[in-house]
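Input: a single structure, listed below in structure tokens.
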Amino acid sequence: YKIDVRGSENLSETGGAIICPNHFSWADPLLISVCIKRRLMFMAKHQAFKRKIFAYFLKALGVYPIKRGEADLAAFRTTLKALKENKIIVIFPEGTRIKGWELGKANAGAPMFSIKSGKPVIPVGISGNYNLFSKLTVSFGQPIEFHKFNDKKLSNDEYLKFGENIMDEIRRLIIRK
């Protein structure tokens, strides 16, 4: 692919952050990895870890499992620990790949981790044609800070609302032709 990276000045060279890209293709994690110079950690559905050899490679690449649709305390602890250690976590806010070019609804995870860790969310819009040798654009948006909510007890609906705010920023970053 020819990759056009925009907004890379919005990425800090130090400190933890949550990178939130849209997710159309299995290639999105690789695409994000080549656009960011720091080592990244990714959540992936626990089913991807069923084969031992594949699980070994995923873990070596900084991928850790999450059980989608339930409260996965191990993934929760891993994420917060990594953020407190100033690592970068990539969370696809929709929780899965989305078919077609319309974005799905956000889950509560990214804003919840941002609020609990005090780390910013960096929205990312990936756009273009995924056919080989075509151009893809990766646009990094301004950091979104949720720190004013750090001491508040929030409902799941409030986290979902903040997740939709992130999705709105991703929509704005996607380049439509």
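Ligands are numbered from 1 in the order shown, chains are lettered A, B, ... in the order of the structure tokens, and residues start at 1 in each chain.
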
Requested in this report: Find the residues near region 162-173 of chain A: any atom within 9 Å, counting only C-alpha atoms, skip ones fewer than 6 places away on the same chain, and give them as a PyMOL selection string.
Outcome: chain A and resi 20-22+93-94+103-112+121-127+138-142+144+146

Grab the residues selected above and save them as a compact mmCIF listing (two decimals), in the first residue's frame with C-alpha atoms.
```
# COMPACT_ATOMS: atom_id res chain seq x y z
CA CYS A 20 -8.88 4.43 18.63
CA PRO A 21 -9.09 3.66 14.90
CA ASN A 22 -12.03 2.54 12.83
CA PRO A 93 -13.96 1.28 19.73
CA GLU A 94 -16.56 -0.70 17.78
CA LEU A 103 -19.10 2.95 11.20
CA GLY A 104 -20.77 0.99 13.98
CA LYS A 105 -21.61 1.97 17.52
CA ALA A 106 -18.87 2.41 20.08
CA ASN A 107 -18.44 0.23 23.11
CA ALA A 108 -17.79 1.76 26.53
CA GLY A 109 -14.21 0.44 26.85
CA ALA A 110 -12.02 3.18 25.39
CA PRO A 111 -13.56 6.10 27.31
CA MET A 112 -13.70 4.01 30.49
CA VAL A 121 -7.74 8.95 23.50
CA ILE A 122 -6.31 9.58 20.03
CA PRO A 123 -9.05 9.06 17.40
CA VAL A 124 -7.83 7.66 14.08
CA GLY A 125 -9.62 7.59 10.76
CA ILE A 126 -8.47 4.98 8.25
CA SER A 127 -9.73 5.51 4.73
CA VAL A 138 -4.35 7.22 8.24
CA SER A 139 -5.44 10.43 9.97
CA PHE A 140 -4.59 10.95 13.66
CA GLY A 141 -6.90 13.41 15.42
CA GLN A 142 -6.38 15.71 18.36
CA ILE A 144 -9.44 13.71 23.59
CA PHE A 146 -11.63 12.87 29.79
```

**Report entry** Those of chain A in DSSP alpha helix (DSSP H), formatted as number ranges by chain
**Finding:** A: 28-35, 52-60, 73-84, 109-117, 156-173

**Report entry** Among listed residues A:Lys81, A:Lys116, A:Lys161, A:Arg6, nearest Lys148 (chain A) (using only C-alpha atoms)
**Finding:**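 Of all the options, A:Lys116 lies closest to Lys148 (chain A).
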
Query raised in the report: Rounded to one decimal in Å, what is the spacing between CA of Phe133 (chain A) and CA of Lys99 (chain A)?
Result: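 Distance between the two atoms: 21.0 Å.
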
Report summary line: As a check of understanding: the span from CA of Lys135 (chain A) to CA of Asn10 (chain A) is 21.7 Å

Report task. Please identify all polymer residues within 12 Å of Ala60 (chain A), counting only C-alpha atoms, omitting same-chain residues fewer than 4 positions from it, and present them as an MDAnalysis selection string. Result -> chainID A and resid 39:42 53:56 64

Would you export the selected residues with C-alpha atoms as an mmCIF file, in the first residue's frame, please?
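Ended up saving to out-v4.cif:
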```cif
data_model
loop_
_atom_site.group_PDB
_atom_site.id
_atom_site.type_symbol
_atom_site.label_atom_id
_atom_site.label_comp_id
_atom_site.auth_asym_id
_atom_site.auth_seq_id
_atom_site.Cartn_x
_atom_site.Cartn_y
_atom_site.Cartn_z
ATOM 1 C CA ARG A 39 5.660 -0.272 20.493
ATOM 2 C CA LEU A 40 1.923 -0.877 20.667
ATOM 3 C CA MET A 41 -0.336 -3.229 22.554
ATOM 4 C CA PHE A 42 -3.587 -4.516 21.072
ATOM 5 C CA ILE A 53 1.593 -21.244 17.849
ATOM 6 C CA PHE A 54 -0.613 -18.324 16.774
ATOM 7 C CA ALA A 55 -1.096 -17.301 20.415
ATOM 8 C CA TYR A 56 2.682 -17.307 20.889
ATOM 9 C CA TYR A 64 -3.491 -9.776 24.604
#
```

Query raised in the report: Quick one: DSSP strand (DSSP E) residues in region 1-176 of chain A, as a count of residues only?
Result: 37

Query raised in the report: Near Ala44 (chain A), counting only C-alpha atoms, which residues have an atom at most 8 Å away, once you skip same-chain residues fewer than 3 positions from it, shown as a ChimeraX atom specification?
Result: /A:48,63-66
